[in-house]
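Note sheet for the following structure.
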Amino acid sequence: MPVFEYVARDKWKNIRKGRLEADTMPFLVRQLREKGLFVTSVSPVSGKTARIGKLSEITIFRSKVKPKELMIFSRQFAAMLNSGMDITECLRILEEQSENPTLRDVLSEVKEDVEEGKDLAQAFSRHPKVFNHLYVSMIEAAQSSGSYGTILSNIATEIEKSEKIKHQIKSALIPPLMTLIFAIVLSFSLIKFVVPKFMELYGSVSNLPKPTQMLVAASNAVQGIRGLIFIIAIILLVIAFKLFIGSKKGRYIWDNIKLKSPIFGPVLRKIAIASFSRTLSLLFVSGVDWLESLEIVSNAAKNKVLAKILKEAKASVNRGENLSKPFIESGIFPPLVIQMIHSGEKSGRVPEMLNHIADIYEEEVDRSVENLSAALTPILTVLIGVIVGGLLLGLYLPVFSMGQMMAG
């Protein structure tokens with residue numbers, strides 16, 4: 001099919017340029033006019049140039065739309081709609097302002113779908129990698145109530161809070177983890193490269209101290225073909241673990257272990273409770289049906305243990321039972337959460353209670369992350385000191401022994 005380049009003006013007198021395929025030039029002009037564009041020039045593109053143009057549009061690694069970018073888009077979209085602007089005009093402006101090429105392309109397609117008569121939720125649903133099921137469901141709820149601005153503001157706030165928690169966790173865990181990785185690399189380097197050098201010095205010395213013998217044994221285990229086998233074994237173990245947690249049953253077992261682990265478990269439970277409570281409250285307030293809300297939240301839950309509990313809660317509500325019953329039976333949710341949900345069911349204020357739970361546990365997450373960071377730093381410092389100190393002690397013990405022998 002022939003390719004044409006066009007220049008046109010929209011109803012706001014803005015110049016629009018592009019390249020489209022069409023059977024004939026008049027057919028292309030008619031298509032553009034139907035989209036509200038006044039065509040000023042059209043020219044055919046040669047086959048070679050068209051192929052180059054197509055190839056230039058291909059990107060091997062398309063940039064993802066980050067949560068922060070989606071949050072900014074949602075907040076700007078809400079502000080424009082609240083000011084009374086038309087949806088397509090908002091999308092056009094946001095498309096032009098977007099610095100992310102992926103988001104820009106998606107908004108262009110969304111705008112075209114809306115111009116063709118699709119509703120906003122349908123247009124968003126065609127791009128699940130950018131607008132997930134939760135996002136689309138809330139837009140569907142906004143369509144029935146006509147409160148796009150409020151719903152989009154709520155979505156932006158939810159994304160912002162979720163990103164804040166992620167940032168706190170990364171800020172707390174990355175420094176200790178980097179220190180631990182450095183200690184592991186240093187220890188491996190000492191064992192593989194430094195110990196053999198020392199053994200050239202100790203080669204004639206018999207009856208090495210026990211710590212040094214253990215160090216030599218570890219060094220021998222990572223040398224030559226045995227070292228290669230050791231590295232391959234580590235890689236295979238990592239791959240096996242990835243495959244295990246990639247399976248449905250393995251992911252459930254791993255998520256259960258994480259929630260019940262002594263150090264990270266309490267923090268992960270609080271994060272899960274805060275996220276689930278905030279999202280479910282947001283769906284309820286937006287007017288999404290209870291059963292559908294529970295289904296959406298269970299599918300969006302990253303922890304499979306929590307997802308299973310939420311599916312059981314949906315089944316419980318469908319049978320006419322209380323929402324709090326599966327939470328009690330799970331053993332994951334603290335008594336405070338269960339009591340507040342139960343109280344909300346009695347008073348008919350479940351969304352408000354869920355919102356209070358989210359507020360409480362977001363504050364708890366803040367404190368827990370700070371405490372975890374404060375506890376991990378000295379623990380890892382001591383651990384690293386023991387590991388590196390033990391290695392150095394094992395290396396130099398024979399020197400001390402030789403000194404004692406010569407003094408005697």
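Ordering of the structure tokens sets the chain letters (A, B, ...), residue numbers begin anew at 1 in every chain, and ligands are numbered from 1 in the order given.
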
* Name the residues of stretch 63-258 of chain A that fall into alpha helix (DSSP H) according to DSSP on the backbone, using the chain letters and numbers of this document, as a ChimeraX atom specification. => /A:67-82,87-97,101-115,120-125,133-145,148-189,195-202,210-221,224-246,248-258

* Excluding same-chain residues fewer than 4 positions from A:Asn132, what lies within 12 Å of it counting only C-alpha atoms, as a VMD selection string? -> chain A and resid 65 67 70 121 124 to 128 136 to 139 155 296 to 297 299 to 300

* A:Asn154 surroundings by only C-alpha atoms, 10 Å radius, close-in-sequence under 5 positions cut, as a PyMOL selection string -> chain A and resi 71+74-75+78+138+148-149+159-160+279+282-283+285-286

* Shell around stretch 168-170 of chain A at 9 Å using only C-alpha atoms, local window under 5 positions removed, as a list of chain:residue names -> A:Glu163, A:Pro175, A:Asp366, A:Val369, A:Glu370, A:Ser373

Take the residues just selected and output them with N, CA and C atoms as a PDB file, in the first residue's frame.
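As a result, out-v8.pdb now contains:
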```pdb
ATOM      1  N   GLU A 163       4.532   4.473  45.439  1.00  0.00           N
ATOM      2  CA  GLU A 163       5.916   4.773  45.078  1.00  0.00           C
ATOM      3  C   GLU A 163       6.719   5.280  46.267  1.00  0.00           C
ATOM      4  N   PRO A 175      21.768   0.404  50.863  1.00  0.00           N
ATOM      5  CA  PRO A 175      23.105   0.543  51.474  1.00  0.00           C
ATOM      6  C   PRO A 175      23.594  -0.715  52.200  1.00  0.00           C
ATOM      7  N   ASP A 366       6.404   3.232  57.711  1.00  0.00           N
ATOM      8  CA  ASP A 366       7.456   4.251  57.862  1.00  0.00           C
ATOM      9  C   ASP A 366       8.364   3.931  59.041  1.00  0.00           C
ATOM     10  N   VAL A 369      10.336   0.479  58.588  1.00  0.00           N
ATOM     11  CA  VAL A 369      11.457   0.571  57.635  1.00  0.00           C
ATOM     12  C   VAL A 369      12.639   1.292  58.271  1.00  0.00           C
ATOM     13  N   GLU A 370      12.352   2.370  59.012  1.00  0.00           N
ATOM     14  CA  GLU A 370      13.424   3.088  59.719  1.00  0.00           C
ATOM     15  C   GLU A 370      14.111   2.193  60.743  1.00  0.00           C
ATOM     16  N   SER A 373      16.213  -0.487  58.969  1.00  0.00           N
ATOM     17  CA  SER A 373      17.470   0.074  58.472  1.00  0.00           C
ATOM     18  C   SER A 373      18.460   0.290  59.619  1.00  0.00           C
TER      19      SER A 373
END
```

* To do: Provide the atom CA of A:Ile181 to atom CA of A:Ala233 distance in Å, to one decimal place.
  =>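 Going from atom CA of A:Ile181 over to atom CA of A:Ala233 covers 18.9 Å.
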
* Contact residues around A:Thr212 with only C-alpha atoms at 12 Å, ignoring same-chain residues under 3 positions, as an NGL selection string -> :A and (191 or 195-196 or 198-199 or 202 or 205-209 or 215-219 or 390-401)

Go ahead and write the selection's residues with N, CA and C atoms as an mmCIF file, in the first residue's frame.
```cif
data_model
loop_
_atom_site.group_PDB
_atom_site.id
_atom_site.type_symbol
_atom_site.label_atom_id
_atom_site.label_comp_id
_atom_site.auth_asym_id
_atom_site.auth_seq_id
_atom_site.Cartn_x
_atom_site.Cartn_y
_atom_site.Cartn_z
ATOM 1 N N ILE A 191 39.920 -15.555 49.125
ATOM 2 C CA ILE A 191 40.019 -17.018 49.111
ATOM 3 C C ILE A 191 40.627 -17.517 47.800
ATOM 4 N N VAL A 195 44.902 -16.374 49.143
ATOM 5 C CA VAL A 195 45.295 -17.568 49.908
ATOM 6 C C VAL A 195 46.375 -18.378 49.181
ATOM 7 N N PRO A 196 46.246 -18.632 47.843
ATOM 8 C CA PRO A 196 47.320 -19.388 47.165
ATOM 9 C C PRO A 196 48.693 -18.713 47.287
ATOM 10 N N PHE A 198 49.771 -16.940 49.824
ATOM 11 C CA PHE A 198 50.263 -17.205 51.168
ATOM 12 C C PHE A 198 50.735 -18.656 51.302
ATOM 13 N N MET A 199 50.066 -19.557 50.588
ATOM 14 C CA MET A 199 50.435 -20.972 50.683
ATOM 15 C C MET A 199 51.810 -21.244 50.073
ATOM 16 N N TYR A 202 53.841 -20.700 52.989
ATOM 17 C CA TYR A 202 53.682 -21.715 54.031
ATOM 18 C C TYR A 202 53.922 -23.128 53.521
ATOM 19 N N VAL A 205 55.815 -25.418 55.723
ATOM 20 C CA VAL A 205 55.400 -25.467 57.127
ATOM 21 C C VAL A 205 54.355 -26.561 57.302
ATOM 22 N N SER A 206 54.618 -27.461 58.219
ATOM 23 C CA SER A 206 53.659 -28.542 58.481
ATOM 24 C C SER A 206 52.765 -28.162 59.656
ATOM 25 N N ASN A 207 51.706 -28.937 59.786
ATOM 26 C CA ASN A 207 50.770 -28.743 60.893
ATOM 27 C C ASN A 207 50.260 -27.293 60.990
ATOM 28 N N LEU A 208 49.666 -26.851 59.894
ATOM 29 C CA LEU A 208 49.053 -25.522 59.900
ATOM 30 C C LEU A 208 47.902 -25.468 60.895
ATOM 31 N N PRO A 209 47.617 -24.304 61.479
ATOM 32 C CA PRO A 209 46.483 -24.184 62.405
ATOM 33 C C PRO A 209 45.171 -24.564 61.727
ATOM 34 N N LEU A 215 40.665 -22.632 55.594
ATOM 35 C CA LEU A 215 40.777 -21.595 54.572
ATOM 36 C C LEU A 215 41.428 -22.155 53.309
ATOM 37 N N VAL A 216 42.438 -22.979 53.478
ATOM 38 C CA VAL A 216 43.114 -23.613 52.348
ATOM 39 C C VAL A 216 42.163 -24.551 51.606
ATOM 40 N N ALA A 217 41.376 -25.298 52.375
ATOM 41 C CA ALA A 217 40.400 -26.214 51.758
ATOM 42 C C ALA A 217 39.379 -25.440 50.928
ATOM 43 N N ALA A 218 38.917 -24.299 51.476
ATOM 44 C CA ALA A 218 37.963 -23.473 50.733
ATOM 45 C C ALA A 218 38.609 -22.908 49.470
ATOM 46 N N SER A 219 39.879 -22.503 49.571
ATOM 47 C CA SER A 219 40.587 -21.956 48.422
ATOM 48 C C SER A 219 40.776 -23.015 47.342
ATOM 49 N N GLY A 390 37.929 -13.099 60.284
ATOM 50 C CA GLY A 390 38.224 -14.537 60.329
ATOM 51 C C GLY A 390 39.146 -14.963 59.213
ATOM 52 N N LEU A 391 38.905 -14.388 58.010
ATOM 53 C CA LEU A 391 39.773 -14.720 56.872
ATOM 54 C C LEU A 391 41.211 -14.251 57.105
ATOM 55 N N LEU A 392 41.337 -13.014 57.575
ATOM 56 C CA LEU A 392 42.678 -12.471 57.829
ATOM 57 C C LEU A 392 43.394 -13.224 58.952
ATOM 58 N N LEU A 393 42.621 -13.610 59.973
ATOM 59 C CA LEU A 393 43.196 -14.377 61.075
ATOM 60 C C LEU A 393 43.713 -15.724 60.584
ATOM 61 N N GLY A 394 42.901 -16.368 59.717
ATOM 62 C CA GLY A 394 43.307 -17.653 59.166
ATOM 63 C C GLY A 394 44.572 -17.536 58.327
ATOM 64 N N LEU A 395 44.726 -16.404 57.629
ATOM 65 C CA LEU A 395 45.911 -16.193 56.792
ATOM 66 C C LEU A 395 47.165 -15.967 57.625
ATOM 67 N N TYR A 396 47.049 -15.232 58.709
ATOM 68 C CA TYR A 396 48.237 -14.820 59.469
ATOM 69 C C TYR A 396 48.552 -15.674 60.696
ATOM 70 N N LEU A 397 47.681 -16.627 61.043
ATOM 71 C CA LEU A 397 47.958 -17.505 62.190
ATOM 72 C C LEU A 397 49.281 -18.254 62.039
ATOM 73 N N PRO A 398 49.602 -18.816 60.867
ATOM 74 C CA PRO A 398 50.889 -19.498 60.719
ATOM 75 C C PRO A 398 52.084 -18.575 60.966
ATOM 76 N N VAL A 399 51.939 -17.273 60.590
ATOM 77 C CA VAL A 399 53.028 -16.334 60.832
ATOM 78 C C VAL A 399 53.284 -16.204 62.331
ATOM 79 N N PHE A 400 52.157 -16.091 63.087
ATOM 80 C CA PHE A 400 52.295 -15.988 64.546
ATOM 81 C C PHE A 400 52.929 -17.257 65.123
ATOM 82 N N SER A 401 52.509 -18.403 64.573
ATOM 83 C CA SER A 401 53.056 -19.694 65.049
ATOM 84 C C SER A 401 54.541 -19.773 64.771
#
```

Report as JSON lines the residues of stretch 273-324 of chain A within 12 Å of stretch 240-253 of chain A, each with its shortest atom pair and distance in Å (one decimal), using only C-alpha atoms, ordered by chain and increasing residue number.
```
{"residue": "A:Lys302", "atom": "CA", "partner": "A:Arg251", "partner_atom": "CA", "distance": 10.1}
{"residue": "A:Asn303", "atom": "CA", "partner": "A:Tyr252", "partner_atom": "CA", "distance": 7.8}
{"residue": "A:Lys304", "atom": "CA", "partner": "A:Tyr252", "partner_atom": "CA", "distance": 5.3}
{"residue": "A:Val305", "atom": "CA", "partner": "A:Tyr252", "partner_atom": "CA", "distance": 6.0}
{"residue": "A:Leu306", "atom": "CA", "partner": "A:Tyr252", "partner_atom": "CA", "distance": 9.5}
{"residue": "A:Ala307", "atom": "CA", "partner": "A:Tyr252", "partner_atom": "CA", "distance": 9.6}
{"residue": "A:Lys308", "atom": "CA", "partner": "A:Tyr252", "partner_atom": "CA", "distance": 9.1}
{"residue": "A:Ile309", "atom": "CA", "partner": "A:Tyr252", "partner_atom": "CA", "distance": 11.8}
```

* By how many Å are atom CA of A:Lys258 and atom CA of A:His356 apart? -> 25.3 Å

* Residues at most 7 Å from A:Leu294, counting only C-alpha atoms, excluding those fewer than 2 positions away in the same chain, as a ChimeraX atom specification? -> /A:290-292,296-298,310-311,314
